[in-house]
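Structure, as structure tokens:
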Amino acid sequence: MRSNLTRSTEHRTEAGDSYHATAIASLNGRALLANTGIPLDLNWVQEVRVNTSAVERRAQSEVARRTVKKEWQAAWLLRAVSCMDLTTLSGDDTDERVRRLCAKAKQPIQQELVRKLQIEELHIKVAAVCVYHTFVETALHALEGSGIHVAAVSTGFPAGLSPLAERVAEIRRSVEAGAHEIDVVITRAHVFGGRWQALYDEVAAFKQSCGTAHMKVILGTGDLLTLRNIGRASVVAMMAGADFIKTSTGKEPTNATLPVSLVMMRAIREYAQQTGMAVGFKPAGGIRTAKQSLDWLAMMKEELGDSWLRAEMFRFGASGLLGDIERQLDHYATGRYSAEYRHPIA
């Protein structure tokens, strides 16, 4: 007999049954297409306003409320694992470290724990492994046949200040190497100066270079100073064709926060309502606990709906999160917390 946890995790939304063949998400019963971008609408950009105190109150209410418990909590944590991008972006990365990370990506939850949870049939794995261009080929070989995507950071990551031609060439090299996804970095100075046409042209050039690879646009929200800047940059990136918008590189002093994420989620919602096209969302950096992952999943569900709670539309850029989720799942299965060293990442 299947466990309650398996049944909870396999729950499908009614909205999913009504998708058109080409739809990737739905909002309020409306099927949404993949984003192909639209011409830059400066009036729309200038009209973006953010009530900072209201956003902060809404984000605080997400943290303060009671969370899901027991098998429902475990099911949500498994969903978080399936939406995770395991990442290694250090100066001392090696081929062997990347191969170890890929092995963890294919089996993110220890086999003994999988048996205890009775979830063998779910075949839980992460969504992608994110590496520098140098290690794209290594990751592709290590993940061959797994269905897990390889994402490459590009465009002068993390600062994004190299010449545009070099950044575009970097994207093309990673795509030619076989990367399924490209994480690009915007020029933050375009946002500070209100140079929205320059930002639009930059992201559009990145999109063209990505070809069929999915493009995740990193806004570097910790550097953008205001929530209004973040809202406007989100809209411009989507107009230019972003498949995902992403909070951070993980290298800024301040990375993903709930207020920033709420502004970006609502920008995605408004864009979907206005254009009929869906854009994914990726909070990255600073999300380290299982409880935090539940806060982000709950906010996504409330702001954008169940169809965004899938790896195709939502990612966590937080490798350090996996160990704590494993510990929480172990507690659910055994009633005891295991030591952190029993859950290494790579």
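Residue numbering restarts at 1 in every chain; chains get A, B, ... in the order shown in the structure tokens, and ligands count up from 1 in that same order.
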### Message
Neighbouring residues of Val260 of chain A were defined as those with any atom within 8 Å, considering only C-alpha atoms; residues of the same chain fewer than 5 positions away were excluded. Please report them as number ranges by chain.
### Response
A: 221, 227, 230, 247
Output N, CA, C and O atoms of each residue in that selection to a file, as a short mmCIF file (atom, residue, chain, number, x, y, z; two decimals), in the first residue's frame.
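Just written: selection_15.cif:
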data_model
loop_
_atom_site.label_atom_id
_atom_site.label_comp_id
_atom_site.auth_asym_id
_atom_site.auth_seq_id
_atom_site.Cartn_x
_atom_site.Cartn_y
_atom_site.Cartn_z
N THR A 221 19.48 41.51 -6.66
CA THR A 221 18.57 42.37 -5.90
C THR A 221 19.24 43.02 -4.69
O THR A 221 18.86 44.12 -4.29
N LEU A 227 12.98 48.42 -3.51
CA LEU A 227 12.02 47.46 -4.05
C LEU A 227 11.44 47.94 -5.38
O LEU A 227 11.11 47.14 -6.24
N ILE A 230 13.75 46.92 -8.05
CA ILE A 230 13.61 45.48 -8.28
C ILE A 230 12.37 45.18 -9.12
O ILE A 230 12.42 44.38 -10.06
N THR A 247 16.67 36.15 -8.06
CA THR A 247 17.00 37.24 -7.14
C THR A 247 18.47 37.62 -7.18
O THR A 247 18.81 38.79 -7.34
#
### Task
Tell me which of A:Ile325, A:Ile287, A:Ala34, A:Ala256 sits closest to Met215 of chain A, counting only C-alpha atoms.
A:Ala34
Between segment 196-269 of chain A and segment 178-184 of chain A, at 6 Å or less, what are the per-residue closest atom pairs and their distances in Å? Count only C-alpha atoms, order by chain and rising residue number, and return it as a Markdown table.
| residue | atom | partner | partner_atom | distance |
| --- | --- | --- | --- | --- |
| A:Ala213 | CA | A:His180 | CA | 5.0 |
| A:His214 | CA | A:Glu181 | CA | 4.6 |
| A:Met215 | CA | A:Ile182 | CA | 5.0 |
| A:Lys216 | CA | A:Asp183 | CA | 4.7 |
| A:Val217 | CA | A:Val184 | CA | 5.1 |
| A:Ile218 | CA | A:Val184 | CA | 5.8 |
Same residues, all heavy atoms, saved as a JSON list (two decimals), in the first residue's frame:
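Saved the output as again.json:
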[["chain", "number", "residue", "atom", "x", "y", "z"],
["A", 213, "ALA", "N", 18.06, 27.11, -25.12],
["A", 213, "ALA", "CA", 18.35, 26.98, -23.68],
["A", 213, "ALA", "C", 17.51, 27.98, -22.89],
["A", 213, "ALA", "O", 17.29, 29.11, -23.34],
["A", 213, "ALA", "CB", 19.83, 27.22, -23.41],
["A", 214, "HIS", "N", 17.04, 27.57, -21.73],
["A", 214, "HIS", "CA", 16.25, 28.46, -20.89],
["A", 214, "HIS", "C", 17.15, 29.50, -20.23],
["A", 214, "HIS", "O", 18.24, 29.18, -19.75],
["A", 214, "HIS", "CB", 15.51, 27.67, -19.81],
["A", 214, "HIS", "CG", 14.19, 27.16, -20.27],
["A", 214, "HIS", "ND1", 13.05, 27.21, -19.51],
["A", 214, "HIS", "CD2", 13.81, 26.61, -21.43],
["A", 214, "HIS", "CE1", 12.04, 26.71, -20.17],
["A", 214, "HIS", "NE2", 12.48, 26.33, -21.35],
["A", 215, "MET", "N", 16.69, 30.74, -20.21],
["A", 215, "MET", "CA", 17.48, 31.84, -19.66],
["A", 215, "MET", "C", 16.90, 32.30, -18.33],
["A", 215, "MET", "O", 15.74, 32.71, -18.24],
["A", 215, "MET", "CB", 17.51, 33.02, -20.64],
["A", 215, "MET", "CG", 18.35, 34.19, -20.14],
["A", 215, "MET", "SD", 18.49, 35.54, -21.35],
["A", 215, "MET", "CE", 16.81, 36.21, -21.29],
["A", 216, "LYS", "N", 17.73, 32.24, -17.29],
["A", 216, "LYS", "CA", 17.37, 32.77, -15.98],
["A", 216, "LYS", "C", 18.13, 34.08, -15.78],
["A", 216, "LYS", "O", 19.36, 34.09, -15.80],
["A", 216, "LYS", "CB", 17.69, 31.75, -14.87],
["A", 216, "LYS", "CG", 16.97, 30.42, -15.06],
["A", 216, "LYS", "CD", 16.91, 29.61, -13.79],
["A", 216, "LYS", "CE", 18.20, 28.97, -13.37],
["A", 216, "LYS", "NZ", 18.65, 27.88, -14.28],
["A", 217, "VAL", "N", 17.40, 35.17, -15.60],
["A", 217, "VAL", "CA", 18.01, 36.49, -15.51],
["A", 217, "VAL", "C", 18.20, 36.86, -14.04],
["A", 217, "VAL", "O", 17.23, 36.99, -13.28],
["A", 217, "VAL", "CB", 17.14, 37.55, -16.22],
["A", 217, "VAL", "CG1", 17.77, 38.94, -16.06],
["A", 217, "VAL", "CG2", 16.98, 37.21, -17.69],
["A", 218, "ILE", "N", 19.47, 37.02, -13.63],
["A", 218, "ILE", "CA", 19.81, 37.37, -12.26],
["A", 218, "ILE", "C", 19.80, 38.89, -12.11],
["A", 218, "ILE", "O", 20.55, 39.60, -12.78],
["A", 218, "ILE", "CB", 21.19, 36.83, -11.88],
["A", 218, "ILE", "CG1", 21.28, 35.32, -12.14],
["A", 218, "ILE", "CG2", 21.50, 37.14, -10.41],
["A", 218, "ILE", "CD1", 22.69, 34.76, -12.00]]
### Message
With distances taken over only C-alpha atoms, which residue among A:Glu121, A:Glu202, A:Asp93, A:Glu176 lies nearest Thr155 of chain A?
### Response
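Ranking A:Glu121, A:Glu202, A:Asp93, A:Glu176 by distance to Thr155 of chain A, first place goes to A:Glu202.
With atom CA of Arg79 of chain A on one side and atom CA of Gly286 of chain A on the other, the separation reads 18.9 Å.
Nearest to Val98 of chain A of all the residues A:Ala31, A:Leu143, A:Ala64, A:Leu78 is A:Leu143, counting only C-alpha atoms.
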